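> This is the content of structure-v6.cif (mmCIF, C-alpha atoms, pLDDT in the B column; chains and numbers go by the auth columns):
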data_my_file
#
loop_
_atom_site.group_PDB
_atom_site.id
_atom_site.type_symbol
_atom_site.label_atom_id
_atom_site.label_comp_id
_atom_site.label_asym_id
_atom_site.label_seq_id
_atom_site.Cartn_x
_atom_site.Cartn_y
_atom_site.Cartn_z
_atom_site.B_iso_or_equiv
_atom_site.auth_seq_id
_atom_site.auth_asym_id
ATOM 1 C CA MET A 1 -20.609 -18.020 -20.592 82.00 1119 A
ATOM 2 C CA ASN A 2 -17.478 -19.203 -18.786 95.00 1120 A
ATOM 3 C CA ARG A 3 -15.055 -16.738 -17.221 96.00 1121 A
ATOM 4 C CA HIS A 4 -12.459 -17.054 -19.998 97.00 1122 A
ATOM 5 C CA ASP A 5 -15.006 -16.202 -22.672 97.00 1123 A
ATOM 6 C CA GLU A 6 -16.486 -13.380 -20.581 96.00 1124 A
ATOM 7 C CA LEU A 7 -13.102 -11.735 -20.100 97.00 1125 A
ATOM 8 C CA ALA A 8 -12.163 -12.283 -23.734 98.00 1126 A
ATOM 9 C CA ALA A 9 -15.368 -10.599 -24.922 97.00 1127 A
ATOM 10 C CA ASN A 10 -15.021 -7.661 -22.529 97.00 1128 A
ATOM 11 C CA LEU A 11 -11.356 -7.155 -23.376 98.00 1129 A
ATOM 12 C CA ALA A 12 -12.039 -7.296 -27.112 98.00 1130 A
ATOM 13 C CA HIS A 13 -14.822 -4.715 -26.753 97.00 1131 A
ATOM 14 C CA VAL A 14 -12.605 -2.293 -24.836 98.00 1132 A
ATOM 15 C CA GLN A 15 -9.674 -2.777 -27.204 98.00 1133 A
ATOM 16 C CA SER A 16 -11.916 -2.189 -30.218 98.00 1134 A
ATOM 17 C CA ASP A 17 -13.338 0.988 -28.680 98.00 1135 A
ATOM 18 C CA ILE A 18 -9.864 2.322 -27.866 98.00 1136 A
ATOM 19 C CA ALA A 19 -8.586 1.499 -31.352 98.00 1137 A
ATOM 20 C CA SER A 20 -11.539 3.309 -32.934 98.00 1138 A
ATOM 21 C CA ILE A 21 -11.036 6.420 -30.802 97.00 1139 A
ATOM 22 C CA CYS A 22 -7.297 6.488 -31.492 98.00 1140 A
ATOM 23 C CA SER A 23 -7.915 6.122 -35.210 98.00 1141 A
ATOM 24 C CA ASP A 24 -10.431 8.967 -35.170 97.00 1142 A
ATOM 25 C CA ILE A 25 -8.086 11.387 -33.414 96.00 1143 A
ATOM 26 C CA GLY A 26 -4.911 10.176 -35.130 97.00 1144 A
ATOM 27 C CA ARG A 27 -2.863 8.955 -32.202 97.00 1145 A
ATOM 28 C CA ASP A 28 -0.990 5.814 -31.163 97.00 1146 A
ATOM 29 C CA LEU A 29 -2.602 3.116 -29.063 98.00 1147 A
ATOM 30 C CA PRO A 30 -2.037 3.403 -25.299 98.00 1148 A
ATOM 31 C CA THR A 31 -0.970 0.682 -22.911 98.00 1149 A
ATOM 32 C CA VAL A 32 -3.988 -0.766 -21.118 98.00 1150 A
ATOM 33 C CA ILE A 33 -3.345 -1.648 -17.483 98.00 1151 A
ATOM 34 C CA VAL A 34 -6.101 -4.046 -16.432 98.00 1152 A
ATOM 35 C CA VAL A 35 -6.987 -3.282 -12.820 98.00 1153 A
ATOM 36 C CA THR A 36 -7.350 -6.664 -11.131 97.00 1154 A
ATOM 37 C CA LYS A 37 -7.855 -5.496 -7.537 94.00 1155 A
ATOM 38 C CA THR A 38 -10.393 -7.610 -5.597 94.00 1156 A
ATOM 39 C CA LYS A 39 -10.397 -10.164 -8.413 96.00 1157 A
ATOM 40 C CA PRO A 40 -8.947 -13.683 -8.041 96.00 1158 A
ATOM 41 C CA VAL A 41 -5.551 -14.697 -9.333 97.00 1159 A
ATOM 42 C CA THR A 42 -7.301 -16.940 -11.856 97.00 1160 A
ATOM 43 C CA ASP A 43 -8.494 -13.786 -13.621 98.00 1161 A
ATOM 44 C CA VAL A 44 -4.908 -12.551 -13.840 98.00 1162 A
ATOM 45 C CA ASP A 45 -3.825 -15.826 -15.412 98.00 1163 A
ATOM 46 C CA ILE A 46 -6.704 -15.779 -17.911 98.00 1164 A
ATOM 47 C CA LEU A 47 -5.904 -12.207 -18.889 98.00 1165 A
ATOM 48 C CA ALA A 48 -2.294 -13.174 -19.549 98.00 1166 A
ATOM 49 C CA THR A 49 -3.433 -15.890 -21.953 98.00 1167 A
ATOM 50 C CA LEU A 50 -5.506 -13.239 -23.748 98.00 1168 A
ATOM 51 C CA GLY A 51 -2.438 -11.105 -24.372 98.00 1169 A
ATOM 52 C CA VAL A 52 -2.685 -8.666 -21.467 98.00 1170 A
ATOM 53 C CA THR A 53 0.794 -7.504 -20.461 98.00 1171 A
ATOM 54 C CA ASP A 54 0.039 -5.089 -17.605 98.00 1172 A
ATOM 55 C CA VAL A 55 -2.077 -5.479 -14.467 98.00 1173 A
ATOM 56 C CA GLY A 56 -2.784 -3.011 -11.668 98.00 1174 A
ATOM 57 C CA GLU A 57 -3.326 -3.535 -7.956 98.00 1175 A
ATOM 58 C CA ASN A 58 -3.963 -1.036 -5.172 93.00 1176 A
ATOM 59 C CA ARG A 59 -3.839 -3.116 -1.972 94.00 1177 A
ATOM 60 C CA ASP A 60 -0.451 -4.431 -0.942 95.00 1178 A
ATOM 61 C CA GLN A 61 -1.883 -7.210 1.220 95.00 1179 A
ATOM 62 C CA GLU A 62 -3.812 -8.518 -1.786 96.00 1180 A
ATOM 63 C CA ALA A 63 -1.284 -7.907 -4.538 97.00 1181 A
ATOM 64 C CA ALA A 64 1.782 -9.530 -2.967 96.00 1182 A
ATOM 65 C CA PRO A 65 0.283 -13.039 -2.615 96.00 1183 A
ATOM 66 C CA LYS A 66 -1.564 -12.688 -5.912 97.00 1184 A
ATOM 67 C CA LYS A 67 1.659 -12.123 -7.820 96.00 1185 A
ATOM 68 C CA GLU A 68 3.302 -15.035 -6.021 96.00 1186 A
ATOM 69 C CA GLU A 69 0.409 -17.363 -6.834 97.00 1187 A
ATOM 70 C CA SER A 70 0.021 -16.296 -10.458 97.00 1188 A
ATOM 71 C CA HIS A 71 1.215 -18.630 -13.181 96.00 1189 A
ATOM 72 C CA ALA A 72 1.492 -15.772 -15.681 96.00 1190 A
ATOM 73 C CA ILE A 73 4.975 -15.010 -16.979 93.00 1191 A
ATOM 74 C CA GLY A 74 6.228 -11.619 -18.066 94.00 1192 A
ATOM 75 C CA LEU A 75 3.463 -9.429 -16.664 98.00 1193 A
ATOM 76 C CA THR A 76 4.248 -5.895 -15.550 98.00 1194 A
ATOM 77 C CA TRP A 77 2.688 -5.252 -12.128 98.00 1195 A
ATOM 78 C CA HIS A 78 1.557 -1.703 -11.348 98.00 1196 A
ATOM 79 C CA ALA A 79 0.849 -0.374 -7.852 98.00 1197 A
ATOM 80 C CA ILE A 80 -1.880 2.178 -8.504 97.00 1198 A
ATOM 81 C CA GLY A 81 -3.352 2.989 -5.105 92.00 1199 A
ATOM 82 C CA GLN A 82 -2.408 5.467 -2.419 92.00 1200 A
ATOM 83 C CA LEU A 83 0.723 4.217 -0.694 95.00 1201 A
ATOM 84 C CA GLN A 84 1.645 4.556 2.964 94.00 1202 A
ATOM 85 C CA THR A 85 5.338 4.888 3.708 96.00 1203 A
ATOM 86 C CA ASN A 86 5.284 1.783 5.910 96.00 1204 A
ATOM 87 C CA LYS A 87 4.151 -0.275 2.902 96.00 1205 A
ATOM 88 C CA ALA A 88 6.982 0.894 0.630 97.00 1206 A
ATOM 89 C CA LYS A 89 9.252 -2.064 1.386 96.00 1207 A
ATOM 90 C CA SER A 90 6.574 -4.633 0.647 96.00 1208 A
ATOM 91 C CA VAL A 91 5.308 -2.894 -2.485 97.00 1209 A
ATOM 92 C CA ALA A 92 8.844 -2.636 -3.848 96.00 1210 A
ATOM 93 C CA GLN A 93 9.056 -6.430 -3.716 95.00 1211 A
ATOM 94 C CA TRP A 94 6.118 -7.107 -6.035 97.00 1212 A
ATOM 95 C CA ALA A 95 5.562 -3.938 -8.087 98.00 1213 A
ATOM 96 C CA ASP A 96 7.418 -3.023 -11.257 98.00 1214 A
ATOM 97 C CA VAL A 97 5.920 0.474 -11.310 98.00 1215 A
ATOM 98 C CA VAL A 98 4.354 2.668 -8.606 98.00 1216 A
ATOM 99 C CA HIS A 99 1.858 5.229 -9.923 98.00 1217 A
ATOM 100 C CA SER A 100 1.097 7.153 -6.734 97.00 1218 A
ATOM 101 C CA VAL A 101 4.282 8.917 -5.634 98.00 1219 A
ATOM 102 C CA ASP A 102 2.966 12.199 -4.243 97.00 1220 A
ATOM 103 C CA ARG A 103 5.184 13.373 -1.381 97.00 1221 A
ATOM 104 C CA ALA A 104 8.814 13.639 -0.349 97.00 1222 A
ATOM 105 C CA ASP A 105 8.682 11.186 2.562 97.00 1223 A
ATOM 106 C CA LEU A 106 7.324 8.492 0.256 98.00 1224 A
ATOM 107 C CA VAL A 107 10.231 9.040 -2.131 98.00 1225 A
ATOM 108 C CA VAL A 108 12.616 8.586 0.816 98.00 1226 A
ATOM 109 C CA ALA A 109 10.826 5.392 1.878 98.00 1227 A
ATOM 110 C CA LEU A 110 10.935 3.985 -1.659 98.00 1228 A
ATOM 111 C CA ALA A 111 14.629 4.849 -1.926 98.00 1229 A
ATOM 112 C CA LYS A 112 15.323 2.750 1.170 98.00 1230 A
ATOM 113 C CA ALA A 113 13.021 -0.035 0.009 98.00 1231 A
ATOM 114 C CA THR A 114 14.710 -0.310 -3.394 98.00 1232 A
ATOM 115 C CA ALA A 115 18.316 -0.005 -2.246 96.00 1233 A
ATOM 116 C CA GLN A 116 19.081 -3.628 -3.141 92.00 1234 A
ATOM 117 C CA ARG A 117 17.089 -3.801 -6.390 94.00 1235 A
ATOM 118 C CA GLN A 118 18.978 -4.746 -9.523 93.00 1236 A
ATOM 119 C CA VAL A 119 16.329 -3.158 -11.755 96.00 1237 A
ATOM 120 C CA PRO A 120 15.055 0.335 -10.851 98.00 1238 A
ATOM 121 C CA LEU A 121 11.469 0.688 -9.683 98.00 1239 A
ATOM 122 C CA GLY A 122 9.416 2.695 -12.137 98.00 1240 A
ATOM 123 C CA ALA A 123 7.680 5.645 -10.480 98.00 1241 A
ATOM 124 C CA LEU A 124 5.081 8.193 -11.526 98.00 1242 A
ATOM 125 C CA ILE A 125 4.227 11.444 -9.803 98.00 1243 A
ATOM 126 C CA GLN A 126 0.555 11.523 -8.898 98.00 1244 A
ATOM 127 C CA VAL A 127 -0.871 15.013 -9.253 97.00 1245 A
ATOM 128 C CA ASN A 128 -4.063 16.151 -7.545 94.00 1246 A
ATOM 129 C CA LEU A 129 -6.334 17.323 -10.369 93.00 1247 A
ATOM 130 C CA ASP A 130 -9.111 18.771 -8.242 88.00 1248 A
ATOM 131 C CA PRO A 131 -9.365 22.568 -8.217 79.00 1249 A
ATOM 132 C CA ASP A 132 -9.983 22.112 -4.494 73.00 1250 A
ATOM 133 C CA PRO A 133 -6.902 20.254 -3.219 64.00 1251 A
ATOM 134 C CA GLN A 134 -8.895 18.720 -0.356 64.00 1252 A
ATOM 135 C CA ASP A 135 -10.013 15.965 -2.753 53.00 1253 A
ATOM 136 C CA HIS A 136 -9.536 12.510 -1.234 59.00 1254 A
ATOM 137 C CA ARG A 137 -8.046 10.931 -4.340 64.00 1255 A
ATOM 138 C CA GLY A 138 -4.538 11.928 -3.393 82.00 1256 A
ATOM 139 C CA GLY A 139 -1.745 13.488 -5.348 93.00 1257 A
ATOM 140 C CA CYS A 140 0.700 16.321 -4.905 95.00 1258 A
ATOM 141 C CA LEU A 141 -0.067 19.922 -5.739 93.00 1259 A
ATOM 142 C CA PRO A 142 0.927 20.998 -9.270 94.00 1260 A
ATOM 143 C CA SER A 143 3.515 23.319 -7.744 95.00 1261 A
ATOM 144 C CA GLU A 144 5.242 20.324 -6.113 96.00 1262 A
ATOM 145 C CA VAL A 145 5.818 18.272 -9.291 97.00 1263 A
ATOM 146 C CA ALA A 146 9.227 19.735 -10.184 97.00 1264 A
ATOM 147 C CA GLN A 147 10.628 19.221 -6.696 97.00 1265 A
ATOM 148 C CA LEU A 148 9.439 15.615 -6.531 98.00 1266 A
ATOM 149 C CA ALA A 149 10.849 14.899 -9.981 98.00 1267 A
ATOM 150 C CA ALA A 150 14.268 16.223 -8.993 98.00 1268 A
ATOM 151 C CA GLN A 151 14.192 14.212 -5.771 98.00 1269 A
ATOM 152 C CA MET A 152 13.277 11.007 -7.597 98.00 1270 A
ATOM 153 C CA CYS A 153 15.880 11.458 -10.316 97.00 1271 A
ATOM 154 C CA ALA A 154 18.607 11.721 -7.691 97.00 1272 A
ATOM 155 C CA ILE A 155 17.916 8.103 -6.664 97.00 1273 A
ATOM 156 C CA ALA A 156 19.513 5.452 -8.854 97.00 1274 A
ATOM 157 C CA THR A 157 16.991 2.752 -7.931 98.00 1275 A
ATOM 158 C CA LEU A 158 13.961 4.852 -8.922 98.00 1276 A
ATOM 159 C CA GLU A 159 13.114 5.583 -12.555 98.00 1277 A
ATOM 160 C CA LEU A 160 10.892 8.591 -13.203 98.00 1278 A
ATOM 161 C CA LYS A 161 8.313 7.421 -15.727 98.00 1279 A
ATOM 162 C CA GLY A 162 5.967 10.399 -15.861 98.00 1280 A
ATOM 163 C CA VAL A 163 2.754 11.591 -14.230 98.00 1281 A
ATOM 164 C CA MET A 164 -0.492 10.048 -13.064 98.00 1282 A
ATOM 165 C CA GLY A 165 -3.852 11.627 -12.346 97.00 1283 A
ATOM 166 C CA VAL A 166 -7.385 10.688 -11.347 95.00 1284 A
ATOM 167 C CA ALA A 167 -10.299 12.818 -12.495 94.00 1285 A
ATOM 168 C CA PRO A 168 -12.046 14.474 -9.523 90.00 1286 A
ATOM 169 C CA LEU A 169 -15.277 12.992 -8.242 85.00 1287 A
ATOM 170 C CA ASN A 170 -18.185 14.821 -9.892 84.00 1288 A
ATOM 171 C CA GLY A 171 -15.688 16.896 -11.872 86.00 1289 A
ATOM 172 C CA ASP A 172 -15.121 17.333 -15.591 93.00 1290 A
ATOM 173 C CA PRO A 173 -12.547 14.757 -16.741 96.00 1291 A
ATOM 174 C CA GLU A 174 -11.830 16.757 -19.896 96.00 1292 A
ATOM 175 C CA GLN A 175 -10.673 19.728 -17.844 96.00 1293 A
ATOM 176 C CA ALA A 176 -8.779 17.530 -15.380 96.00 1294 A
ATOM 177 C CA PHE A 177 -6.863 15.643 -18.037 98.00 1295 A
ATOM 178 C CA SER A 178 -6.162 18.840 -19.944 98.00 1296 A
ATOM 179 C CA ARG A 179 -4.441 20.173 -16.819 96.00 1297 A
ATOM 180 C CA LEU A 180 -2.519 16.922 -16.402 98.00 1298 A
ATOM 181 C CA ALA A 181 -1.393 17.025 -20.035 98.00 1299 A
ATOM 182 C CA ALA A 182 -0.065 20.570 -19.561 98.00 1300 A
ATOM 183 C CA MET A 183 1.876 19.499 -16.462 97.00 1301 A
ATOM 184 C CA HIS A 184 3.226 16.486 -18.308 98.00 1302 A
ATOM 185 C CA SER A 185 4.415 18.698 -21.153 98.00 1303 A
ATOM 186 C CA ASP A 186 6.215 20.953 -18.674 97.00 1304 A
ATOM 187 C CA LEU A 187 7.844 17.925 -17.011 98.00 1305 A
ATOM 188 C CA LEU A 188 9.059 16.594 -20.348 98.00 1306 A
ATOM 189 C CA THR A 189 11.011 19.759 -21.064 98.00 1307 A
ATOM 190 C CA GLU A 190 13.236 18.994 -18.076 97.00 1308 A
ATOM 191 C CA TYR A 191 12.950 15.205 -17.977 98.00 1309 A
ATOM 192 C CA PRO A 192 12.426 13.847 -21.504 98.00 1310 A
ATOM 193 C CA GLN A 193 12.525 10.284 -20.199 97.00 1311 A
ATOM 194 C CA ALA A 194 9.248 10.852 -18.304 98.00 1312 A
ATOM 195 C CA GLN A 195 7.092 9.762 -21.231 98.00 1313 A
ATOM 196 C CA TRP A 196 4.156 8.225 -19.380 98.00 1314 A
ATOM 197 C CA MET A 197 0.864 9.945 -18.690 98.00 1315 A
ATOM 198 C CA SER A 198 -1.260 7.511 -16.689 98.00 1316 A
ATOM 199 C CA ALA A 199 -4.853 8.706 -16.795 98.00 1317 A
ATOM 200 C CA GLY A 200 -8.323 7.399 -17.475 97.00 1318 A
ATOM 201 C CA MET A 201 -10.390 4.583 -16.037 97.00 1319 A
ATOM 202 C CA SER A 202 -13.452 2.684 -17.253 96.00 1320 A
ATOM 203 C CA GLU A 203 -15.749 5.694 -16.984 95.00 1321 A
ATOM 204 C CA ASP A 204 -13.472 8.381 -18.428 97.00 1322 A
ATOM 205 C CA TYR A 205 -10.822 6.829 -20.645 98.00 1323 A
ATOM 206 C CA VAL A 206 -12.236 8.502 -23.752 97.00 1324 A
ATOM 207 C CA ALA A 207 -11.387 11.926 -22.291 97.00 1325 A
ATOM 208 C CA ALA A 208 -7.969 10.667 -21.217 98.00 1326 A
ATOM 209 C CA LEU A 209 -7.201 9.451 -24.720 98.00 1327 A
ATOM 210 C CA ARG A 210 -8.141 12.831 -26.173 97.00 1328 A
ATOM 211 C CA HIS A 211 -5.593 14.507 -23.927 98.00 1329 A
ATOM 212 C CA GLY A 212 -2.708 12.172 -24.644 98.00 1330 A
ATOM 213 C CA ALA A 213 -2.820 9.467 -21.983 98.00 1331 A
ATOM 214 C CA THR A 214 -0.212 6.821 -22.705 98.00 1332 A
ATOM 215 C CA HIS A 215 -1.490 4.407 -20.044 98.00 1333 A
ATOM 216 C CA LEU A 216 -5.118 3.688 -19.128 98.00 1334 A
ATOM 217 C CA ARG A 217 -6.136 1.949 -15.885 98.00 1335 A
ATOM 218 C CA ILE A 218 -9.265 -0.049 -16.738 98.00 1336 A
ATOM 219 C CA GLY A 219 -10.986 -2.427 -14.348 96.00 1337 A
ATOM 220 C CA SER A 220 -14.762 -2.879 -14.377 95.00 1338 A
ATOM 221 C CA SER A 221 -15.218 -2.562 -18.153 97.00 1339 A
ATOM 222 C CA ILE A 222 -13.088 -5.684 -18.542 98.00 1340 A
ATOM 223 C CA LEU A 223 -13.500 -7.577 -15.268 96.00 1341 A
ATOM 224 C CA GLY A 224 -17.008 -6.557 -14.228 92.00 1342 A
ATOM 225 C CA HIS A 225 -17.936 -4.850 -10.990 75.00 1343 A
ATOM 226 C CA ARG A 226 -15.533 -5.325 -8.149 56.00 1344 A
ATOM 227 C CA LEU A 227 -16.244 -7.522 -5.179 53.00 1345 A
ATOM 228 C CA PRO A 228 -16.785 -5.751 -1.849 50.00 1346 A
ATOM 229 C CA LYS A 229 -13.759 -5.517 0.412 50.00 1347 A
ATOM 230 C CA GLY A 230 -13.566 -8.385 2.816 43.00 1348 A
#
Please, can you express the file's structure as structure tokens?

Amino acid sequence: MNRHDELAANLAHVQSDIASICSDIGRDLPTVIVVTKTKPVTDVDILATLGVTDVGENRDQEAAPKKEESHAIGLTWHAIGQLQTNKAKSVAQWADVVHSVDRADLVVALAKATAQRQVPLGALIQVNLDPDPQDHRGGCLPSEVAQLAAQMCAIATLELKGVMGVAPLNGDPEQAFSRLAAMHSDLLTEYPQAQWMSAGMSEDYVAALRHGATHLRIGSSILGHRLPKG
């Protein structure tokens, strides 16, 4: 099977599964962000021909040239990995949305990096969903969400989109996404524009859908296992 047909089959399988789950629980379809990190730009271009509209990357040094080399038109590029402040300027040049805003100094760095943008950079607050906040997957504490939201909304070149979360390693994704959904509901009371809840990956998107995820970040189920970092 050639790569086009492989990706088409995998994508169709995932889309069918998501549609079935959404039908069963009576909810709208989410946006699927196909996580293309470590995969070649040719995969991005194939995905675009298959109707994919959103792709996710987590390494600035890989994503920036990949977007430049891609022939796909109209894709939305999502920065989904942990972001160092010294990478904010570069990420703001290729990303349309950043999912991992989790601290005040990063908001300040993104404000500087986007000062000349004509279109605001979409931004989500990443919340740490582990009961033990020492988890390595990043994210702010739940108690910090309101302060970060207020800080972001004071910056004209940042657009608060909502919240993002990653289920803890070896944890229960149902419980994690339930907590994220509650935090999202609280955020919406103050910031009704923050409609996005980015949650769920290949191994746990069913739980994310049950708890209202509007955006799924799916990689290996569509693209196959990732290549090792070089």
> For the structure shown, which residues end up in the PyMOL selection byres ((chain A and resi 1159) around 12)? Put them as a list in words, please?
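On this input, the PyMOL selection byres ((chain A and resi 1159) around 12) captures Thr1154, Lys1155, Thr1156, Lys1157, Pro1158, Thr1160, Asp1161, Val1162, Asp1163, Ile1164, Leu1165, Ala1166, Val1173, Glu1175, Glu1180, Ala1181, Ala1182, Pro1183, Lys1184, Lys1185, Glu1186, Glu1187, Ser1188, His1189 and Ala1190 of chain A.
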> Keeping C-alpha atoms for every residue in the selection just given, could you write it to a file as a tab-separated table (two decimals), in the coordinates of the input?

chain	number	residue	atom	x	y	z
A	1154	THR	CA	-7.35	-6.66	-11.13
A	1155	LYS	CA	-7.86	-5.50	-7.54
A	1156	THR	CA	-10.39	-7.61	-5.60
A	1157	LYS	CA	-10.40	-10.16	-8.41
A	1158	PRO	CA	-8.95	-13.68	-8.04
A	1160	THR	CA	-7.30	-16.94	-11.86
A	1161	ASP	CA	-8.49	-13.79	-13.62
A	1162	VAL	CA	-4.91	-12.55	-13.84
A	1163	ASP	CA	-3.82	-15.83	-15.41
A	1164	ILE	CA	-6.70	-15.78	-17.91
A	1165	LEU	CA	-5.90	-12.21	-18.89
A	1166	ALA	CA	-2.29	-13.17	-19.55
A	1173	VAL	CA	-2.08	-5.48	-14.47
A	1175	GLU	CA	-3.33	-3.54	-7.96
A	1180	GLU	CA	-3.81	-8.52	-1.79
A	1181	ALA	CA	-1.28	-7.91	-4.54
A	1182	ALA	CA	1.78	-9.53	-2.97
A	1183	PRO	CA	0.28	-13.04	-2.62
A	1184	LYS	CA	-1.56	-12.69	-5.91
A	1185	LYS	CA	1.66	-12.12	-7.82
A	1186	GLU	CA	3.30	-15.04	-6.02
A	1187	GLU	CA	0.41	-17.36	-6.83
A	1188	SER	CA	0.02	-16.30	-10.46
A	1189	HIS	CA	1.22	-18.63	-13.18
A	1190	ALA	CA	1.49	-15.77	-15.68
> Report as a PyMOL selection string the full result of the PyMOL selection byres ((chain A and resi 1143) around 12) when it is applied to this structure.
chain A and resi 1136-1142+1144-1147+1324-1325+1327-1330
> Specify as a list in words each residue included when the PyMOL selection byres ((chain A and resi 1122) around 9) is applied to this file.
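Matching residues under the PyMOL selection byres ((chain A and resi 1122) around 9) are Met1119, Asn1120, Arg1121, Asp1123, Glu1124, Leu1125, Ala1126, Ala1127, Asp1161, Ile1164, Leu1165 and Leu1168 of chain A.
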> Name the residues in contact with Lys1279 of chain A at a cut-off of 9 Å, using all atoms listed in the file, excluding same-chain residues fewer than 5 positions from it; report them as a PyMOL selection string.
chain A and resi 1215+1217+1240-1243+1311-1315
> Go through segment 1281-1324 of chain A residue by residue and, counting all atoms listed in the file, keep those with an atom at most 9 Å from segment 1258-1269 of chain A; for each kept residue give the shortest atom pair and its distance in Å to one decimal, ordered by chain and increasing number, as a Markdown table.

| residue | atom | partner | partner_atom | distance |
| --- | --- | --- | --- | --- |
| A:Val1281 | CA | A:Val1263 | CA | 8.9 |
| A:Leu1298 | CA | A:Pro1260 | CA | 8.9 |
| A:Met1301 | CA | A:Pro1260 | CA | 7.4 |
| A:Leu1305 | CA | A:Ala1264 | CA | 7.2 |
| A:Glu1308 | CA | A:Ala1264 | CA | 8.9 |
| A:Tyr1309 | CA | A:Ala1267 | CA | 8.3 |
> With all atoms listed in the file as the basis for distance, which of A:Pro1249, A:Ser1316, A:Pro1310, A:Val1150 is at the shortest distance from Gly1169 of chain A?
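Once distances to Gly1169 of chain A are computed over all atoms listed in the file, the minimum belongs to A:Val1150.
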> Calculated over all atoms listed in the file, which of the candidates A:His1131, A:Arg1221, A:Arg1177, A:His1343 has the smallest distance to Ala1197 of chain A?
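Using all atoms listed in the file, Ala1197 of chain A sits closest to A:Arg1177.
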> Find, counting all atoms listed in the file, the residue in A:Asp1220, A:Asp1172, A:Asp1248, A:Asp1322 that gets nearest to Arg1297 of chain A.
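Checking each candidate against Arg1297 of chain A, we get A:Asp1248 as the closest.
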> Select, from A:Thr1203, A:Gly1174, A:Ala1285, A:Val1152, the residue with the minimum atom-to-atom distance to Leu1341 of chain A, counting all atoms listed in the file.
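Nearest to Leu1341 of chain A: A:Val1152.
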> Counting all atoms listed in the file, which of A:Ala1274, A:Val1219, A:Ala1213, A:Ala1317 gets nearest to Ala1233 of chain A?
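The shortest atom-to-atom distance to Ala1233 of chain A comes from A:Ala1274.
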> May I have the residues within 9 Å of Gly1342 of chain A as a list in words, using only C-alpha atoms and disregarding those fewer than 3 positions away in the same chain?
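Close residues of Gly1342 of chain A: Leu1125, Asn1128, Gly1337, Ser1338 and Ser1339 of chain A.
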> Please provide as a ChimeraX atom specification all residues within 9 Å of Ser1208 of chain A, with the sequence filter that same-chain residues fewer than 2 positions apart are discarded (counting only C-alpha atoms).
/A:1178-1179,1182,1204-1206,1210-1213,1231
> So how many Å separate atom CA of Lys1230 of chain A and atom CA of Val1153 of chain A, to one decimal?
27.0 Å
> Return the single residue from A:Thr1171, A:Tyr1323, A:Leu1247, A:Gly1280 that is closest to Leu1306 of chain A, with distances computed using only C-alpha atoms.
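Of A:Thr1171, A:Tyr1323, A:Leu1247, A:Gly1280, the one nearest Leu1306 of chain A, counting only C-alpha atoms, is A:Gly1280.
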> Could you work out how far atom CA of Leu1193 of chain A lies from atom CA of Ile1340 of chain A, giving the answer in Å with one decimal?
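Those two atoms sit 17.1 Å apart.
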> With all atoms listed in the file as the counted atoms, please give the residues lying no more than 7 Å from Met1319 of chain A, apart from itself and same-chain residues fewer than 4 positions off, as a PDB file with C-alpha atoms, keeping the file's coordinate frame.

ATOM      1  CA  TYR A1323     -10.822   6.829 -20.645  1.00 98.00           C
ATOM      2  CA  LEU A1334      -5.118   3.688 -19.128  1.00 98.00           C
ATOM      3  CA  ARG A1335      -6.136   1.949 -15.885  1.00 98.00           C
ATOM      4  CA  ILE A1336      -9.265  -0.049 -16.738  1.00 98.00           C
TER       5      ILE A1336
END
> To one decimal in Å, tell me the separation between atom CA of Cys1271 of chain A and atom CA of Leu1239 of chain A.
11.7 Å
